[in-house]
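J.: Just one file: run.cif, with mmCIF, C-alpha atoms.
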```
data_run
#
loop_
_atom_site.label_atom_id
_atom_site.label_comp_id
_atom_site.auth_asym_id
_atom_site.auth_seq_id
_atom_site.Cartn_x
_atom_site.Cartn_y
_atom_site.Cartn_z
CA MET A 1 -16.30 4.22 -18.97
CA GLN A 2 -13.66 1.47 -18.80
CA ALA A 3 -12.23 0.35 -15.44
CA PRO A 4 -8.78 1.99 -15.90
CA SER A 5 -10.41 5.33 -16.83
CA LYS A 6 -12.87 5.16 -13.94
CA LYS A 7 -10.05 4.34 -11.53
CA ARG A 8 -8.00 7.28 -12.80
CA VAL A 9 -10.95 9.65 -12.27
CA PHE A 10 -11.32 8.31 -8.72
CA ASP A 11 -7.61 8.84 -8.02
CA LEU A 12 -7.59 12.43 -9.25
CA ALA A 13 -10.81 13.27 -7.43
CA VAL A 14 -9.64 11.89 -4.09
CA ALA A 15 -6.14 13.40 -4.43
CA GLY A 16 -7.63 16.79 -5.29
CA LEU A 17 -10.36 16.82 -2.67
CA GLY A 18 -7.99 15.51 -0.01
CA ALA A 19 -5.15 17.93 -0.78
CA SER A 20 -6.14 20.18 2.12
CA VAL A 21 -5.34 17.25 4.42
CA TRP A 22 -2.43 15.42 2.80
CA LEU A 23 -0.40 18.48 1.76
CA PRO A 24 -0.15 19.90 5.31
CA ALA A 25 0.57 16.38 6.61
CA LEU A 26 3.38 16.04 4.08
CA VAL A 27 4.94 19.37 5.10
CA ILE A 28 4.62 18.69 8.85
CA CYS A 29 6.09 15.18 8.63
CA ALA A 30 8.94 16.30 6.37
CA PHE A 31 9.83 19.14 8.74
CA ALA A 32 9.67 16.84 11.78
CA ILE A 33 12.01 14.29 10.18
CA TRP A 34 14.44 17.02 9.09
CA LEU A 35 14.39 18.60 12.55
CA MET A 36 14.84 15.37 14.52
CA GLU A 37 16.89 13.18 12.17
CA GLY A 38 18.30 15.45 9.48
CA ARG A 39 18.64 14.49 5.85
CA PRO A 40 17.53 12.60 3.90
CA VAL A 41 13.87 13.27 4.69
CA PHE A 42 12.64 10.91 2.00
CA TYR A 43 13.54 7.33 1.19
CA VAL A 44 13.64 6.36 -2.50
CA SER A 45 13.82 2.77 -3.74
CA LEU A 46 13.09 0.94 -6.96
CA ARG A 47 9.71 -0.80 -6.67
CA ARG A 48 7.48 -2.65 -9.12
CA VAL A 49 4.17 -0.79 -9.45
CA GLY A 50 2.65 -2.72 -12.35
CA HIS A 51 4.41 -3.82 -15.48
CA LYS A 52 7.46 -1.71 -14.63
CA ALA A 53 9.56 -0.56 -11.70
CA ILE A 54 9.91 3.09 -10.69
CA PRO A 55 11.95 5.01 -8.11
CA MET A 56 9.27 5.18 -5.42
CA VAL A 57 9.38 7.76 -2.64
CA LYS A 58 8.15 7.68 0.93
CA PHE A 59 9.20 9.24 4.21
CA ARG A 60 12.43 7.97 5.75
CA THR A 61 11.26 6.35 8.97
CA MET A 62 14.39 4.25 9.63
CA ILE A 63 18.01 4.94 10.36
CA ARG A 64 20.23 5.88 7.43
CA ASN A 65 21.22 2.96 5.17
CA ALA A 66 18.76 0.62 6.92
CA ASP A 67 18.04 -0.93 3.51
CA LYS A 68 21.66 -2.09 3.32
CA VAL A 69 21.40 -4.21 6.47
CA TYR A 70 17.74 -5.21 6.27
CA ASN A 71 16.55 -6.52 2.93
CA ARG A 72 15.37 -9.77 1.36
CA GLU A 73 18.99 -10.86 0.73
CA THR A 74 20.22 -10.26 4.28
CA VAL A 75 17.16 -11.49 6.20
CA PRO A 76 16.59 -15.25 5.98
CA VAL A 77 13.11 -16.48 5.12
CA SER A 78 11.39 -17.61 8.31
CA ASN A 79 8.09 -19.44 8.69
CA SER A 80 7.77 -19.41 4.91
CA VAL A 81 7.04 -15.66 4.92
CA ARG A 82 8.72 -14.15 1.89
CA PHE A 83 7.17 -10.69 2.14
CA LEU A 84 9.62 -8.53 4.08
CA ASN A 85 7.49 -7.21 6.96
CA THR A 86 9.57 -5.11 9.33
CA PRO A 87 8.36 -5.60 12.93
CA ALA A 88 6.83 -2.50 14.49
CA ASP A 89 9.31 -2.71 17.38
CA SER A 90 12.38 -2.97 15.13
CA PRO A 91 15.33 -0.87 16.38
CA LEU A 92 15.80 0.27 12.77
CA TYR A 93 12.97 2.79 13.21
CA THR A 94 13.80 6.28 14.40
CA SER A 95 11.62 7.80 17.12
CA ILE A 96 9.83 10.15 14.73
CA GLY A 97 9.73 7.41 12.10
CA ARG A 98 7.99 5.03 14.48
CA LEU A 99 5.31 7.68 15.13
CA ILE A 100 4.82 8.33 11.41
CA GLU A 101 4.50 4.59 10.81
CA ARG A 102 2.01 4.25 13.65
CA LEU A 103 -0.12 7.05 12.17
CA SER A 104 0.07 5.39 8.72
CA LEU A 105 1.56 8.52 7.14
CA THR A 106 4.67 6.93 5.62
CA GLU A 107 3.24 6.76 2.10
CA ILE A 108 1.89 10.34 1.96
CA PRO A 109 4.65 11.42 -0.52
CA GLN A 110 3.34 8.83 -2.97
CA PHE A 111 0.50 11.17 -3.87
CA ILE A 112 3.03 12.55 -6.37
CA HIS A 113 3.09 9.12 -8.08
CA VAL A 114 -0.71 9.08 -8.10
CA LEU A 115 -0.87 12.50 -9.73
CA ARG A 116 1.65 11.38 -12.34
CA GLY A 117 -0.45 8.33 -13.14
CA GLU A 118 2.28 5.90 -11.98
CA MET A 119 0.25 4.54 -9.07
CA SER A 120 -3.32 4.45 -7.79
CA ILE A 121 -4.61 5.49 -4.39
CA VAL A 122 -6.00 1.98 -3.88
CA GLY A 123 -4.11 -1.08 -5.04
CA ASN A 124 -1.60 -3.68 -3.95
CA ARG A 125 1.56 -2.24 -2.43
CA PRO A 126 4.65 -1.87 -4.66
CA LEU A 127 7.37 -4.47 -4.12
CA PRO A 128 11.15 -4.62 -4.64
CA GLU A 129 12.27 -7.06 -7.32
CA ASN A 130 14.15 -9.23 -4.80
CA VAL A 131 10.94 -9.79 -2.82
CA ILE A 132 9.08 -10.65 -6.02
CA GLY A 133 11.83 -13.13 -6.89
CA ALA A 134 11.58 -14.78 -3.47
CA LEU A 135 7.80 -15.07 -3.76
CA GLU A 136 8.00 -16.42 -7.30
CA GLU A 137 9.77 -19.52 -6.00
CA CYS A 138 6.57 -20.63 -4.22
CA PHE A 139 3.93 -18.63 -6.09
CA PRO A 140 4.48 -18.63 -9.87
CA HIS A 141 1.26 -16.59 -10.23
CA ILE A 142 2.65 -13.72 -8.12
CA HIS A 143 2.43 -11.41 -11.14
CA ASP A 144 -1.37 -11.54 -10.95
CA ARG A 145 -1.11 -8.98 -8.13
CA PHE A 146 0.28 -6.50 -10.67
CA LEU A 147 -2.59 -6.74 -13.17
CA THR A 148 -3.77 -3.33 -11.94
CA PRO A 149 -1.61 -0.39 -10.76
CA SER A 150 -0.07 -0.62 -7.31
CA GLY A 151 -1.52 1.69 -4.69
CA MET A 152 -0.88 3.64 -1.52
CA MET A 153 -3.28 1.36 0.35
CA GLY A 154 -5.18 -1.78 -0.49
CA PRO A 155 -7.27 -4.66 0.81
CA VAL A 156 -4.32 -6.11 2.73
CA GLN A 157 -4.19 -2.99 4.92
CA LEU A 158 -7.72 -3.80 6.11
CA ILE A 159 -6.34 -6.94 7.76
CA GLY A 160 -2.76 -6.07 8.64
CA ARG A 161 0.11 -7.63 6.76
CA GLU A 162 1.51 -9.24 9.91
CA SER A 163 -1.75 -11.20 10.30
CA LEU A 164 -1.59 -12.79 6.84
CA SER A 165 0.22 -15.76 5.38
CA ASP A 166 1.89 -15.21 2.02
CA ALA A 167 -0.73 -17.42 0.36
CA ASP A 168 -3.68 -15.49 1.82
CA ARG A 169 -2.09 -12.15 0.99
CA ILE A 170 -1.47 -13.06 -2.64
CA MET A 171 -4.96 -14.54 -2.93
CA ILE A 172 -6.54 -11.29 -1.71
CA GLU A 173 -4.30 -9.11 -3.87
CA ALA A 174 -5.06 -11.14 -7.00
CA ALA A 175 -8.80 -11.09 -6.16
CA TYR A 176 -8.72 -7.30 -5.93
CA CYS A 177 -7.10 -7.02 -9.37
CA ARG A 178 -9.66 -9.37 -10.92
CA LYS A 179 -12.51 -7.41 -9.34
CA VAL A 180 -11.15 -4.12 -10.68
CA LEU A 181 -10.82 -5.56 -14.19
CA ASP A 182 -14.14 -7.42 -14.20
CA SER A 183 -16.59 -5.15 -12.36
CA TYR A 184 -14.93 -2.06 -10.92
CA SER A 185 -16.90 0.72 -9.28
CA TRP A 186 -15.77 3.78 -7.37
CA TRP A 187 -17.55 2.39 -4.32
CA LEU A 188 -15.04 -0.46 -4.16
CA ASP A 189 -12.03 1.85 -3.72
CA LEU A 190 -13.92 4.37 -1.59
CA SER A 191 -14.94 1.67 0.89
CA ILE A 192 -11.31 0.51 1.17
CA VAL A 193 -10.10 4.09 1.74
CA LEU A 194 -12.67 4.82 4.42
CA LYS A 195 -12.15 1.56 6.31
CA THR A 196 -8.36 1.92 6.11
CA VAL A 197 -8.58 5.37 7.69
CA LEU A 198 -10.87 4.12 10.46
CA ILE A 199 -8.53 1.21 11.21
CA ALA A 200 -5.46 3.49 11.18
CA LEU A 201 -7.20 5.80 13.69
CA ARG A 202 -8.10 2.80 15.89
CA LEU A 203 -11.80 3.62 15.48
CA THR A 204 -12.62 0.13 14.24
CA ARG A 205 -10.96 -3.27 14.38
CA PRO A 206 -9.01 -4.78 11.48
CA LEU A 207 -10.96 -7.17 9.29
CA SER A 208 -10.44 -10.89 8.80
CA VAL A 209 -9.50 -12.59 5.54
CA GLU A 210 -13.10 -13.71 5.09
CA ASP A 211 -14.38 -10.18 5.80
CA VAL A 212 -12.21 -8.79 3.03
CA ARG A 213 -13.13 -11.51 0.58
CA HIS A 214 -16.79 -10.71 1.23
CA GLN A 215 -16.16 -6.98 0.81
CA LEU A 216 -14.52 -7.54 -2.56
CA LEU A 217 -17.68 -9.33 -3.67
CA VAL A 218 -20.19 -6.85 -2.23
CA CYS A 219 -18.44 -3.52 -2.79
CA ALA A 220 -17.70 -4.18 -6.43
CA ARG A 221 -21.25 -2.93 -7.06
CA GLU A 222 -22.55 0.59 -6.67
CA PRO A 223 -24.66 1.18 -3.51
CA SER A 224 -27.73 1.23 -5.78
CA GLY A 225 -27.05 -2.42 -6.61
CA ARG A 226 -26.11 -1.77 -10.21
CA GLY A 227 -22.73 -2.91 -11.46
CA GLY A 228 -19.97 -0.33 -11.95
#
```
Represent the supplied structure as structure tokens.
T.:
Amino acid sequence: MQAPSKKRVFDLAVAGLGASVWLPALVICAFAIWLMEGRPVFYVSLRRVGHKAIPMVKFRTMIRNADKVYNRETVPVSNSVRFLNTPADSPLYTSIGRLIERLSLTEIPQFIHVLRGEMSIVGNRPLPENVIGALEECFPHIHDRFLTPSGMMGPVQLIGRESLSDADRIMIEAAYCRKVLDSYSWWLDLSIVLKTVLIALRLTRPLSVEDVRHQLLVCAREPSGRGG
């Protein structure tokens, strides 16, 4: 089975088996946002997920129209960081939104994109075109991170985006894509999912850049030692 087909099987299996968890979480979070902040419950923005951009949905965790005052055009590039990483203590977050972000539930609605085949469960996060344009100025190879479908979580989440330079982040994202295309196995994505959950629950510490690079090398093989 080719890598794209194997990855699609993994996505559908995890989305189906995990529906008893993510569907109730989706309903509870949506109701909490509606109750405490009103509409809109969801935030929709155009994001590149591969070779195209789609209207991508996630929970609205910030004040209304936050994207109009906080985006790559309005926020100057500082310390050569072109990814737009909103600080966890930003006043743009609502109280319920801050909790949803802390619990790493913001992207739960993106299961709909996974089921449609527009995204994968594991992959590099989708990006707005203006962020891609800013990164392209320093990293002409930025498009290598889109060689495989974008995902709800990825290797960067094992480290924490605030702990990475742009160069290290792009290096890891491109390495993940190459590993998927060259020697993908379900164990690779499963290990990322499990470790991301443990880190989100504060049951284990985030990994280092070297830890993740090593994991991409080791976990690209099945536990039996045979390539995927």
J.: Would you please work out which residue, of A:Val197, A:Val209, A:Met153, A:Leu147, is nearest to Arg169 of chain A when using all atoms listed in the file?
T.: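 Using all atoms listed in the file, Arg169 of chain A sits closest to A:Val209.
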J.: Could you tell me which residues the PyMOL selection byres ((chain A and resi 168) around 12) grabs in this file, written as a list in words?
T.: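 With the shown file as input, the PyMOL selection byres ((chain A and resi 168) around 12) matches Val81, Phe83, Phe139, Ile142, Pro155, Val156, Ile159, Gly160, Arg161, Glu162, Ser163, Leu164, Ser165, Asp166, Ala167, Arg169, Ile170, Met171, Ile172, Glu173, Ala174, Ala175, Ser208, Val209, Glu210, Val212 and Arg213 of chain A.
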J.: Residues of the last selection are to be written out with C-alpha atoms, as a short mmCIF file (atom, residue, chain, number, x, y, z; two decimals), in the frame of the given file.
T.:
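Writing the result to part_36.cif gives the following:
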```
data_model
loop_
_atom_site.label_atom_id
_atom_site.label_comp_id
_atom_site.auth_asym_id
_atom_site.auth_seq_id
_atom_site.Cartn_x
_atom_site.Cartn_y
_atom_site.Cartn_z
CA VAL A 81 7.04 -15.66 4.92
CA PHE A 83 7.17 -10.69 2.14
CA PHE A 139 3.93 -18.63 -6.09
CA ILE A 142 2.65 -13.72 -8.12
CA PRO A 155 -7.27 -4.66 0.81
CA VAL A 156 -4.32 -6.11 2.73
CA ILE A 159 -6.34 -6.94 7.76
CA GLY A 160 -2.76 -6.07 8.64
CA ARG A 161 0.11 -7.63 6.76
CA GLU A 162 1.51 -9.24 9.91
CA SER A 163 -1.75 -11.20 10.30
CA LEU A 164 -1.59 -12.79 6.84
CA SER A 165 0.22 -15.76 5.38
CA ASP A 166 1.89 -15.21 2.02
CA ALA A 167 -0.73 -17.42 0.36
CA ARG A 169 -2.09 -12.15 0.99
CA ILE A 170 -1.47 -13.06 -2.64
CA MET A 171 -4.96 -14.54 -2.93
CA ILE A 172 -6.54 -11.29 -1.71
CA GLU A 173 -4.30 -9.11 -3.87
CA ALA A 174 -5.06 -11.14 -7.00
CA ALA A 175 -8.80 -11.09 -6.16
CA SER A 208 -10.44 -10.89 8.80
CA VAL A 209 -9.50 -12.59 5.54
CA GLU A 210 -13.10 -13.71 5.09
CA VAL A 212 -12.21 -8.79 3.03
CA ARG A 213 -13.13 -11.51 0.58
#
```
J.: So, counting all atoms listed in the file, which residue among A:Val218, A:Ile192, A:Val75, A:Cys29 is closest to Val122 of chain A?
T.: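 When distances to Val122 of chain A are compared using all atoms listed in the file, the smallest one comes from A:Ile192.
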J.: On this file, the PyMOL selection byres ((chain A and resi 125) around 8) gives some set of residues; write that set as number ranges by chain.
T.: A: 49, 123-124, 126-127, 150-154
J.: By how many Å are atom CA of Leu99 of chain A and atom CA of Pro24 of chain A apart?
T.: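 We find that atom CA of Leu99 of chain A and atom CA of Pro24 of chain A lie 16.6 Å from each other.
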J.: Find the residues near Ile108 of chain A: any atom within 10 Å, counting only C-alpha atoms, skip ones fewer than 2 places away on the same chain, and give them as a list in words.
T.: Trp22, Leu23, Ala25, Leu26, Cys29, Val57, Lys58, Phe59, Ser104, Leu105, Thr106, Gln110, Phe111, Ile112 and Met152 of chain A
J.: Print the selection's residues with C-alpha atoms to a file, as a compact mmCIF listing (two decimals), in the frame of the given file.
T.:
```
# COMPACT_ATOMS: atom_id res chain seq x y z
CA TRP A 22 -2.43 15.42 2.80
CA LEU A 23 -0.40 18.48 1.76
CA ALA A 25 0.57 16.38 6.61
CA LEU A 26 3.38 16.04 4.08
CA CYS A 29 6.09 15.18 8.63
CA VAL A 57 9.38 7.76 -2.64
CA LYS A 58 8.15 7.68 0.93
CA PHE A 59 9.20 9.24 4.21
CA SER A 104 0.07 5.39 8.72
CA LEU A 105 1.56 8.52 7.14
CA THR A 106 4.67 6.93 5.62
CA GLN A 110 3.34 8.83 -2.97
CA PHE A 111 0.50 11.17 -3.87
CA ILE A 112 3.03 12.55 -6.37
CA MET A 152 -0.88 3.64 -1.52
```
J.: Separation of atom CA of Ser95 of chain A and atom CA of Val69 of chain A, in Å?
T.: 18.8 Å
J.: Using atom CA of His113 of chain A and atom CA of Pro149 of chain A as the two end points, give the distance in Å to one decimal.
T.: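 Calculated distance between atom CA of His113 of chain A and atom CA of Pro149 of chain A is 10.9 Å.
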J.: Nearest to Arg8 of chain A among A:Pro128, A:Pro206, A:Gly117, A:Gly97, with distances taken over all atoms listed in the file: which residue is it?
T.: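 Using all atoms listed in the file, the shortest distance to Arg8 of chain A belongs to A:Gly117.
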J.: Which is closest to Ala30 of chain A among A:Arg102, A:Lys68, A:Arg60, A:His141, if we use only C-alpha atoms?
T.: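 Smallest distance to Ala30 of chain A is found for A:Arg60.
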J.: Residues picked by the PyMOL selection byres ((chain A and resi 33) around 10) here, as a VMD selection string?
T.: chain A and resid 28 to 32 34 to 42 59 to 61 94 to 97 100
J.: Go through A:Glu73, A:Asp144, A:Asp189, A:Glu129 one by one, measure the shortest atom-to-atom distance of each to Lys7 of chain A using only C-alpha atoms, and give the residue with the smallest value.
T.: A:Asp189
J.: Which neighbours of Leu194 of chain A fall inside 12 Å, counting only C-alpha atoms, when residues of the same chain fewer than 3 positions from it are skipped, and could you give them as a ChimeraX atom specification?
T.: /A:14,121-122,153-155,157-158,187-191,197-201,203-204
J.: With distances taken over all atoms listed in the file, which of A:Val44, A:Leu103, A:Met56, A:Val131 is nearest to Leu84 of chain A?
T.: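 Of A:Val44, A:Leu103, A:Met56, A:Val131, the one nearest Leu84 of chain A is A:Val131, counting all atoms listed in the file.
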